[in-house]
Amino acid sequence: MHRVTPSYSEHPAMFRNHPFGFILAVLLIPVAIGILILMWWYLKCRSTKLEFVGRDVVLERGLLSKNRTELSAESVRTVNVYQSLLDRMLGVGRLSIYTAGDEPEIEVLGIPRPHDFRDLIKQQQAAT
């Protein structure tokens, strides 16, 4: 029997991550600086991608040059999800993934559905 592997692929959210900053940037569009802020912010969000592919956690950063970090789901010790009240209402959060040691191997801010990602890691670890 062929088993479908769960997958997750998300970029950090713009509006849901910082709604007040987004509104401020939109209000600054008539002064031309708002367009620059929104373009920079959009490129920053699109140049970061968190994926769960097969049995691996993959974080890819960069637009022209790429930095790719891959972790096996079995090596993940802890997945920490932090959400403020506003983050919880908007469905985003900070995701920190620890393998060994006190510093996170992967940390991403403003990631949509962080609990879904944590649940996929737990499912993968329980299946092995």
# chains A, B, ... in the order shown; residues from 1 in each chain; ligands from 1
call {"tool": "select_by_dssp", "arguments": {"residues": "region 12-106 of chain A", "states": "alpha helix (DSSP H)", "output": "PDB file with all heavy atoms, in the first residue's frame"}}
result
ATOM      1  N   PRO A  19       0.021  43.375  10.790  1.00  0.00           N
ATOM      2  CA  PRO A  19      -1.070  44.118  10.135  1.00  0.00           C
ATOM      3  C   PRO A  19      -0.952  45.635  10.283  1.00  0.00           C
ATOM      4  O   PRO A  19      -1.256  46.367   9.344  1.00  0.00           O
ATOM      5  CB  PRO A  19      -2.337  43.592  10.823  1.00  0.00           C
ATOM      6  CG  PRO A  19      -1.879  42.974  12.084  1.00  0.00           C
ATOM      7  CD  PRO A  19      -0.467  42.513  11.851  1.00  0.00           C
ATOM      8  N   PHE A  20      -0.488  46.113  11.434  1.00  0.00           N
ATOM      9  CA  PHE A  20      -0.383  47.561  11.620  1.00  0.00           C
ATOM     10  C   PHE A  20       0.742  48.150  10.774  1.00  0.00           C
ATOM     11  O   PHE A  20       0.610  49.241  10.220  1.00  0.00           O
ATOM     12  CB  PHE A  20      -0.195  47.894  13.101  1.00  0.00           C
ATOM     13  CG  PHE A  20      -1.343  47.407  13.942  1.00  0.00           C
ATOM     14  CD1 PHE A  20      -1.150  46.441  14.913  1.00  0.00           C
ATOM     15  CD2 PHE A  20      -2.628  47.892  13.743  1.00  0.00           C
ATOM     16  CE1 PHE A  20      -2.209  45.966  15.671  1.00  0.00           C
ATOM     17  CE2 PHE A  20      -3.693  47.434  14.493  1.00  0.00           C
ATOM     18  CZ  PHE A  20      -3.484  46.474  15.465  1.00  0.00           C
ATOM     19  N   GLY A  21       1.854  47.427  10.631  1.00  0.00           N
ATOM     20  CA  GLY A  21       2.935  47.867   9.757  1.00  0.00           C
ATOM     21  C   GLY A  21       2.502  47.892   8.305  1.00  0.00           C
ATOM     22  O   GLY A  21       2.872  48.789   7.538  1.00  0.00           O
ATOM     23  N   PHE A  22       1.697  46.908   7.914  1.00  0.00           N
ATOM     24  CA  PHE A  22       1.189  46.844   6.549  1.00  0.00           C
ATOM     25  C   PHE A  22       0.281  48.041   6.270  1.00  0.00           C
ATOM     26  O   PHE A  22       0.415  48.703   5.235  1.00  0.00           O
ATOM     27  CB  PHE A  22       0.427  45.534   6.335  1.00  0.00           C
ATOM     28  CG  PHE A  22       0.025  45.288   4.915  1.00  0.00           C
ATOM     29  CD1 PHE A  22       0.914  44.690   4.032  1.00  0.00           C
ATOM     30  CD2 PHE A  22      -1.224  45.650   4.455  1.00  0.00           C
ATOM     31  CE1 PHE A  22       0.552  44.460   2.713  1.00  0.00           C
ATOM     32  CE2 PHE A  22      -1.597  45.419   3.143  1.00  0.00           C
ATOM     33  CZ  PHE A  22      -0.705  44.826   2.275  1.00  0.00           C
ATOM     34  N   ILE A  23      -0.624  48.329   7.202  1.00  0.00           N
ATOM     35  CA  ILE A  23      -1.535  49.467   7.028  1.00  0.00           C
ATOM     36  C   ILE A  23      -0.748  50.774   6.965  1.00  0.00           C
ATOM     37  O   ILE A  23      -1.030  51.640   6.128  1.00  0.00           O
ATOM     38  CB  ILE A  23      -2.591  49.496   8.153  1.00  0.00           C
ATOM     39  CG1 ILE A  23      -3.534  48.304   7.990  1.00  0.00           C
ATOM     40  CG2 ILE A  23      -3.358  50.807   8.155  1.00  0.00           C
ATOM     41  CD1 ILE A  23      -4.441  48.054   9.176  1.00  0.00           C
ATOM     42  N   LEU A  24       0.262  50.914   7.809  1.00  0.00           N
ATOM     43  CA  LEU A  24       1.099  52.117   7.789  1.00  0.00           C
ATOM     44  C   LEU A  24       1.815  52.257   6.446  1.00  0.00           C
ATOM     45  O   LEU A  24       1.874  53.349   5.880  1.00  0.00           O
ATOM     46  CB  LEU A  24       2.116  52.075   8.930  1.00  0.00           C
ATOM     47  CG  LEU A  24       3.059  53.265   9.026  1.00  0.00           C
ATOM     48  CD1 LEU A  24       2.265  54.549   9.287  1.00  0.00           C
ATOM     49  CD2 LEU A  24       4.094  53.045  10.101  1.00  0.00           C
ATOM     50  N   ALA A  25       2.346  51.155   5.916  1.00  0.00           N
ATOM     51  CA  ALA A  25       3.029  51.213   4.617  1.00  0.00           C
ATOM     52  C   ALA A  25       2.055  51.605   3.514  1.00  0.00           C
ATOM     53  O   ALA A  25       2.405  52.397   2.621  1.00  0.00           O
ATOM     54  CB  ALA A  25       3.674  49.864   4.307  1.00  0.00           C
ATOM     55  N   VAL A  26       0.836  51.090   3.563  1.00  0.00           N
ATOM     56  CA  VAL A  26      -0.169  51.458   2.554  1.00  0.00           C
ATOM     57  C   VAL A  26      -0.505  52.947   2.670  1.00  0.00           C
ATOM     58  O   VAL A  26      -0.655  53.638   1.653  1.00  0.00           O
ATOM     59  CB  VAL A  26      -1.437  50.584   2.700  1.00  0.00           C
ATOM     60  CG1 VAL A  26      -2.578  51.127   1.852  1.00  0.00           C
ATOM     61  CG2 VAL A  26      -1.128  49.139   2.310  1.00  0.00           C
ATOM     62  N   LEU A  27      -0.608  53.452   3.890  1.00  0.00           N
ATOM     63  CA  LEU A  27      -0.888  54.882   4.074  1.00  0.00           C
ATOM     64  C   LEU A  27       0.256  55.767   3.578  1.00  0.00           C
ATOM     65  O   LEU A  27       0.032  56.921   3.216  1.00  0.00           O
ATOM     66  CB  LEU A  27      -1.172  55.180   5.548  1.00  0.00           C
ATOM     67  CG  LEU A  27      -2.479  54.601   6.099  1.00  0.00           C
ATOM     68  CD1 LEU A  27      -2.570  54.853   7.599  1.00  0.00           C
ATOM     69  CD2 LEU A  27      -3.679  55.182   5.370  1.00  0.00           C
ATOM     70  N   ILE A  33       7.325  56.427  -0.247  1.00  0.00           N
ATOM     71  CA  ILE A  33       8.118  55.512   0.571  1.00  0.00           C
ATOM     72  C   ILE A  33       7.341  54.220   0.871  1.00  0.00           C
ATOM     73  O   ILE A  33       7.934  53.164   1.066  1.00  0.00           O
ATOM     74  CB  ILE A  33       8.617  56.187   1.865  1.00  0.00           C
ATOM     75  CG1 ILE A  33       9.687  55.327   2.493  1.00  0.00           C
ATOM     76  CG2 ILE A  33       7.496  56.413   2.843  1.00  0.00           C
ATOM     77  CD1 ILE A  33      10.595  56.053   3.418  1.00  0.00           C
ATOM     78  N   GLY A  34       6.009  54.319   0.868  1.00  0.00           N
ATOM     79  CA  GLY A  34       5.177  53.141   1.123  1.00  0.00           C
ATOM     80  C   GLY A  34       5.380  52.048   0.089  1.00  0.00           C
ATOM     81  O   GLY A  34       5.436  50.868   0.416  1.00  0.00           O
ATOM     82  N   ILE A  35       5.521  52.424  -1.172  1.00  0.00           N
ATOM     83  CA  ILE A  35       5.765  51.454  -2.247  1.00  0.00           C
ATOM     84  C   ILE A  35       7.094  50.742  -2.017  1.00  0.00           C
ATOM     85  O   ILE A  35       7.191  49.528  -2.167  1.00  0.00           O
ATOM     86  CB  ILE A  35       5.768  52.144  -3.624  1.00  0.00           C
ATOM     87  CG1 ILE A  35       4.384  52.656  -3.968  1.00  0.00           C
ATOM     88  CG2 ILE A  35       6.287  51.225  -4.711  1.00  0.00           C
ATOM     89  CD1 ILE A  35       3.394  51.591  -4.371  1.00  0.00           C
ATOM     90  N   LEU A  36       8.130  51.503  -1.655  1.00  0.00           N
ATOM     91  CA  LEU A  36       9.441  50.894  -1.402  1.00  0.00           C
ATOM     92  C   LEU A  36       9.387  49.924  -0.219  1.00  0.00           C
ATOM     93  O   LEU A  36       9.962  48.833  -0.277  1.00  0.00           O
ATOM     94  CB  LEU A  36      10.490  51.976  -1.154  1.00  0.00           C
ATOM     95  CG  LEU A  36      10.793  52.900  -2.326  1.00  0.00           C
ATOM     96  CD1 LEU A  36      11.736  54.009  -1.899  1.00  0.00           C
ATOM     97  CD2 LEU A  36      11.361  52.102  -3.478  1.00  0.00           C
ATOM     98  N   ILE A  37       8.703  50.328   0.837  1.00  0.00           N
ATOM     99  CA  ILE A  37       8.577  49.454   2.020  1.00  0.00           C
ATOM    100  C   ILE A  37       7.842  48.178   1.642  1.00  0.00           C
ATOM    101  O   ILE A  37       8.277  47.072   1.987  1.00  0.00           O
ATOM    102  CB  ILE A  37       7.851  50.191   3.162  1.00  0.00           C
ATOM    103  CG1 ILE A  37       8.713  51.311   3.708  1.00  0.00           C
ATOM    104  CG2 ILE A  37       7.461  49.215   4.270  1.00  0.00           C
ATOM    105  CD1 ILE A  37       7.984  52.241   4.671  1.00  0.00           C
ATOM    106  N   LEU A  38       6.724  48.289   0.928  1.00  0.00           N
ATOM    107  CA  LEU A  38       5.947  47.110   0.543  1.00  0.00           C
ATOM    108  C   LEU A  38       6.725  46.194  -0.404  1.00  0.00           C
ATOM    109  O   LEU A  38       6.661  44.969  -0.281  1.00  0.00           O
ATOM    110  CB  LEU A  38       4.615  47.522  -0.079  1.00  0.00           C
ATOM    111  CG  LEU A  38       3.587  48.098   0.900  1.00  0.00           C
ATOM    112  CD1 LEU A  38       2.383  48.637   0.148  1.00  0.00           C
ATOM    113  CD2 LEU A  38       3.170  47.056   1.923  1.00  0.00           C
ATOM    114  N   MET A  39       7.475  46.767  -1.344  1.00  0.00           N
ATOM    115  CA  MET A  39       8.275  45.946  -2.263  1.00  0.00           C
ATOM    116  C   MET A  39       9.365  45.197  -1.507  1.00  0.00           C
ATOM    117  O   MET A  39       9.573  43.998  -1.730  1.00  0.00           O
ATOM    118  CB  MET A  39       8.880  46.818  -3.371  1.00  0.00           C
ATOM    119  CG  MET A  39       7.874  47.239  -4.404  1.00  0.00           C
ATOM    120  SD  MET A  39       8.514  48.371  -5.673  1.00  0.00           S
ATOM    121  CE  MET A  39      10.123  47.779  -6.036  1.00  0.00           C
ATOM    122  N   TRP A  40      10.074  45.885  -0.612  1.00  0.00           N
ATOM    123  CA  TRP A  40      11.129  45.252   0.180  1.00  0.00           C
ATOM    124  C   TRP A  40      10.543  44.143   1.047  1.00  0.00           C
ATOM    125  O   TRP A  40      11.085  43.052   1.124  1.00  0.00           O
ATOM    126  CB  TRP A  40      11.835  46.300   1.041  1.00  0.00           C
ATOM    127  CG  TRP A  40      12.799  45.703   2.012  1.00  0.00           C
ATOM    128  CD1 TRP A  40      14.071  45.282   1.754  1.00  0.00           C
ATOM    129  CD2 TRP A  40      12.568  45.428   3.389  1.00  0.00           C
ATOM    130  NE1 TRP A  40      14.638  44.760   2.891  1.00  0.00           N
ATOM    131  CE2 TRP A  40      13.732  44.849   3.914  1.00  0.00           C
ATOM    132  CE3 TRP A  40      11.485  45.627   4.228  1.00  0.00           C
ATOM    133  CZ2 TRP A  40      13.836  44.451   5.239  1.00  0.00           C
ATOM    134  CZ3 TRP A  40      11.587  45.238   5.549  1.00  0.00           C
ATOM    135  CH2 TRP A  40      12.766  44.656   6.033  1.00  0.00           C
ATOM    136  N   TRP A  41       9.422  44.424   1.693  1.00  0.00           N
ATOM    137  CA  TRP A  41       8.759  43.463   2.576  1.00  0.00           C
ATOM    138  C   TRP A  41       8.280  42.246   1.797  1.00  0.00           C
ATOM    139  O   TRP A  41       8.440  41.113   2.226  1.00  0.00           O
ATOM    140  CB  TRP A  41       7.594  44.175   3.234  1.00  0.00           C
ATOM    141  CG  TRP A  41       6.969  43.486   4.407  1.00  0.00           C
ATOM    142  CD1 TRP A  41       7.294  42.266   4.934  1.00  0.00           C
ATOM    143  CD2 TRP A  41       5.912  43.968   5.201  1.00  0.00           C
ATOM    144  NE1 TRP A  41       6.490  41.982   6.007  1.00  0.00           N
ATOM    145  CE2 TRP A  41       5.636  43.024   6.191  1.00  0.00           C
ATOM    146  CE3 TRP A  41       5.155  45.138   5.173  1.00  0.00           C
ATOM    147  CZ2 TRP A  41       4.629  43.192   7.136  1.00  0.00           C
ATOM    148  CZ3 TRP A  41       4.169  45.304   6.124  1.00  0.00           C
ATOM    149  CH2 TRP A  41       3.915  44.341   7.096  1.00  0.00           C
ATOM    150  N   TYR A  42       7.685  42.471   0.622  1.00  0.00           N
ATOM    151  CA  TYR A  42       7.220  41.377  -0.217  1.00  0.00           C
ATOM    152  C   TYR A  42       8.380  40.472  -0.625  1.00  0.00           C
ATOM    153  O   TYR A  42       8.288  39.240  -0.529  1.00  0.00           O
ATOM    154  CB  TYR A  42       6.512  41.923  -1.459  1.00  0.00           C
ATOM    155  CG  TYR A  42       6.073  40.852  -2.418  1.00  0.00           C
ATOM    156  CD1 TYR A  42       4.926  40.116  -2.170  1.00  0.00           C
ATOM    157  CD2 TYR A  42       6.818  40.551  -3.551  1.00  0.00           C
ATOM    158  CE1 TYR A  42       4.523  39.119  -3.045  1.00  0.00           C
ATOM    159  CE2 TYR A  42       6.428  39.563  -4.423  1.00  0.00           C
ATOM    160  CZ  TYR A  42       5.271  38.841  -4.162  1.00  0.00           C
ATOM    161  OH  TYR A  42       4.887  37.849  -5.019  1.00  0.00           O
ATOM    162  N   LEU A  43       9.476  41.073  -1.074  1.00  0.00           N
ATOM    163  CA  LEU A  43      10.637  40.275  -1.485  1.00  0.00           C
ATOM    164  C   LEU A  43      11.230  39.513  -0.306  1.00  0.00           C
ATOM    165  O   LEU A  43      11.657  38.361  -0.446  1.00  0.00           O
ATOM    166  CB  LEU A  43      11.700  41.160  -2.133  1.00  0.00           C
ATOM    167  CG  LEU A  43      11.330  41.714  -3.499  1.00  0.00           C
ATOM    168  CD1 LEU A  43      12.390  42.690  -3.974  1.00  0.00           C
ATOM    169  CD2 LEU A  43      11.110  40.597  -4.496  1.00  0.00           C
ATOM    170  N   LYS A  44      11.260  40.126   0.861  1.00  0.00           N
ATOM    171  CA  LYS A  44      11.762  39.455   2.059  1.00  0.00           C
ATOM    172  C   LYS A  44      10.904  38.240   2.404  1.00  0.00           C
ATOM    173  O   LYS A  44      11.425  37.172   2.724  1.00  0.00           O
ATOM    174  CB  LYS A  44      11.797  40.446   3.224  1.00  0.00           C
ATOM    175  CG  LYS A  44      12.419  39.880   4.471  1.00  0.00           C
ATOM    176  CD  LYS A  44      12.491  40.925   5.552  1.00  0.00           C
ATOM    177  CE  LYS A  44      13.008  40.304   6.833  1.00  0.00           C
ATOM    178  NZ  LYS A  44      12.914  41.209   7.958  1.00  0.00           N
ATOM    179  N   CYS A  45       9.583  38.397   2.323  1.00  0.00           N
ATOM    180  CA  CYS A  45       8.685  37.271   2.619  1.00  0.00           C
ATOM    181  C   CYS A  45       8.807  36.170   1.567  1.00  0.00           C
ATOM    182  O   CYS A  45       8.841  34.985   1.900  1.00  0.00           O
ATOM    183  CB  CYS A  45       7.233  37.755   2.705  1.00  0.00           C
ATOM    184  SG  CYS A  45       6.881  38.686   4.191  1.00  0.00           S
ATOM    185  N   ARG A  46       8.870  36.535   0.308  1.00  0.00           N
ATOM    186  CA  ARG A  46       8.945  35.540  -0.766  1.00  0.00           C
ATOM    187  C   ARG A  46      10.298  34.846  -0.838  1.00  0.00           C
ATOM    188  O   ARG A  46      10.417  33.782  -1.428  1.00  0.00           O
ATOM    189  CB  ARG A  46       8.631  36.183  -2.121  1.00  0.00           C
ATOM    190  CG  ARG A  46       7.201  36.508  -2.270  1.00  0.00           C
ATOM    191  CD  ARG A  46       6.386  35.245  -2.304  1.00  0.00           C
ATOM    192  NE  ARG A  46       5.011  35.539  -1.953  1.00  0.00           N
ATOM    193  CZ  ARG A  46       4.169  34.676  -1.457  1.00  0.00           C
ATOM    194  NH1 ARG A  46       4.526  33.444  -1.237  1.00  0.00           N
ATOM    195  NH2 ARG A  46       2.951  35.027  -1.158  1.00  0.00           N
ATOM    196  N   LEU A  85      -1.540  37.203  21.113  1.00  0.00           N
ATOM    197  CA  LEU A  85      -2.991  37.161  20.933  1.00  0.00           C
ATOM    198  C   LEU A  85      -3.367  37.524  19.505  1.00  0.00           C
ATOM    199  O   LEU A  85      -4.176  36.844  18.871  1.00  0.00           O
ATOM    200  CB  LEU A  85      -3.679  38.106  21.928  1.00  0.00           C
ATOM    201  CG  LEU A  85      -5.198  38.217  21.783  1.00  0.00           C
ATOM    202  CD1 LEU A  85      -5.864  36.873  22.031  1.00  0.00           C
ATOM    203  CD2 LEU A  85      -5.748  39.267  22.728  1.00  0.00           C
ATOM    204  N   LEU A  86      -2.756  38.577  18.970  1.00  0.00           N
ATOM    205  CA  LEU A  86      -3.049  38.988  17.598  1.00  0.00           C
ATOM    206  C   LEU A  86      -2.604  37.911  16.602  1.00  0.00           C
ATOM    207  O   LEU A  86      -3.318  37.619  15.640  1.00  0.00           O
ATOM    208  CB  LEU A  86      -2.366  40.328  17.284  1.00  0.00           C
ATOM    209  CG  LEU A  86      -2.692  40.951  15.934  1.00  0.00           C
ATOM    210  CD1 LEU A  86      -4.195  41.208  15.800  1.00  0.00           C
ATOM    211  CD2 LEU A  86      -1.920  42.239  15.743  1.00  0.00           C
ATOM    212  N   ASP A  87      -1.439  37.303  16.850  1.00  0.00           N
ATOM    213  CA  ASP A  87      -0.971  36.212  15.981  1.00  0.00           C
ATOM    214  C   ASP A  87      -1.978  35.062  15.967  1.00  0.00           C
ATOM    215  O   ASP A  87      -2.261  34.484  14.922  1.00  0.00           O
ATOM    216  CB  ASP A  87       0.379  35.677  16.458  1.00  0.00           C
ATOM    217  CG  ASP A  87       1.526  36.626  16.192  1.00  0.00           C
ATOM    218  OD1 ASP A  87       1.354  37.564  15.391  1.00  0.00           O
ATOM    219  OD2 ASP A  87       2.597  36.423  16.801  1.00  0.00           O
ATOM    220  N   ARG A  88      -2.494  34.716  17.132  1.00  0.00           N
ATOM    221  CA  ARG A  88      -3.471  33.628  17.219  1.00  0.00           C
ATOM    222  C   ARG A  88      -4.730  33.958  16.438  1.00  0.00           C
ATOM    223  O   ARG A  88      -5.290  33.105  15.749  1.00  0.00           O
ATOM    224  CB  ARG A  88      -3.814  33.334  18.676  1.00  0.00           C
ATOM    225  CG  ARG A  88      -2.676  32.655  19.399  1.00  0.00           C
ATOM    226  CD  ARG A  88      -2.947  32.416  20.855  1.00  0.00           C
ATOM    227  NE  ARG A  88      -4.179  31.672  21.047  1.00  0.00           N
ATOM    228  CZ  ARG A  88      -4.911  31.730  22.148  1.00  0.00           C
ATOM    229  NH1 ARG A  88      -4.550  32.500  23.150  1.00  0.00           N
ATOM    230  NH2 ARG A  88      -6.001  31.019  22.257  1.00  0.00           N
ATOM    231  N   MET A  89      -5.186  35.200  16.525  1.00  0.00           N
ATOM    232  CA  MET A  89      -6.390  35.606  15.800  1.00  0.00           C
ATOM    233  C   MET A  89      -6.165  35.580  14.285  1.00  0.00           C
ATOM    234  O   MET A  89      -7.087  35.282  13.529  1.00  0.00           O
ATOM    235  CB  MET A  89      -6.841  36.998  16.248  1.00  0.00           C
ATOM    236  CG  MET A  89      -7.381  37.014  17.652  1.00  0.00           C
ATOM    237  SD  MET A  89      -8.170  38.551  18.183  1.00  0.00           S
ATOM    238  CE  MET A  89      -7.034  39.817  17.729  1.00  0.00           C
ATOM    239  N   LEU A  90      -4.931  35.869  13.856  1.00  0.00           N
ATOM    240  CA  LEU A  90      -4.630  35.933  12.429  1.00  0.00           C
ATOM    241  C   LEU A  90      -4.026  34.639  11.875  1.00  0.00           C
ATOM    242  O   LEU A  90      -3.775  34.529  10.676  1.00  0.00           O
ATOM    243  CB  LEU A  90      -3.700  37.113  12.147  1.00  0.00           C
ATOM    244  CG  LEU A  90      -4.310  38.482  12.456  1.00  0.00           C
ATOM    245  CD1 LEU A  90      -3.274  39.578  12.293  1.00  0.00           C
ATOM    246  CD2 LEU A  90      -5.526  38.754  11.599  1.00  0.00           C
TER     247      LEU A  90
END
call {"tool": "residues_around", "arguments": {"residues": "Thr99 (chain A)", "least_positions_apart": "4", "cutoff": "9 Å", "atoms": "only C-alpha atoms", "output": "list in words"}}
result
Leu71, Ser75, Val76, Arg77, Thr78, Val79, Glu103, Pro104 and Glu105 of chain A
call {"tool": "decode", "arguments": {"residues": "region 72-86 of chain A", "atoms": "C-alpha atoms", "output": "tab-separated table (two decimals), in the first residue's frame"}}
result
chain	number	residue	atom	x	y	z
A	72	SER	CA	15.45	15.03	9.27
A	73	ALA	CA	12.13	14.89	11.15
A	74	GLU	CA	13.57	12.12	13.33
A	75	SER	CA	16.34	14.42	14.57
A	76	VAL	CA	13.91	17.14	15.74
A	77	ARG	CA	13.82	17.27	19.53
A	78	THR	CA	11.44	20.19	20.07
A	79	VAL	CA	9.16	22.38	17.96
A	80	ASN	CA	8.28	25.62	19.74
A	81	VAL	CA	5.37	27.73	18.50
A	82	TYR	CA	4.98	31.24	19.89
A	83	GLN	CA	1.87	33.28	19.13
A	84	SER	CA	0.75	36.56	20.62
A	85	LEU	CA	-2.99	37.16	20.93
A	86	LEU	CA	-3.05	38.99	17.60
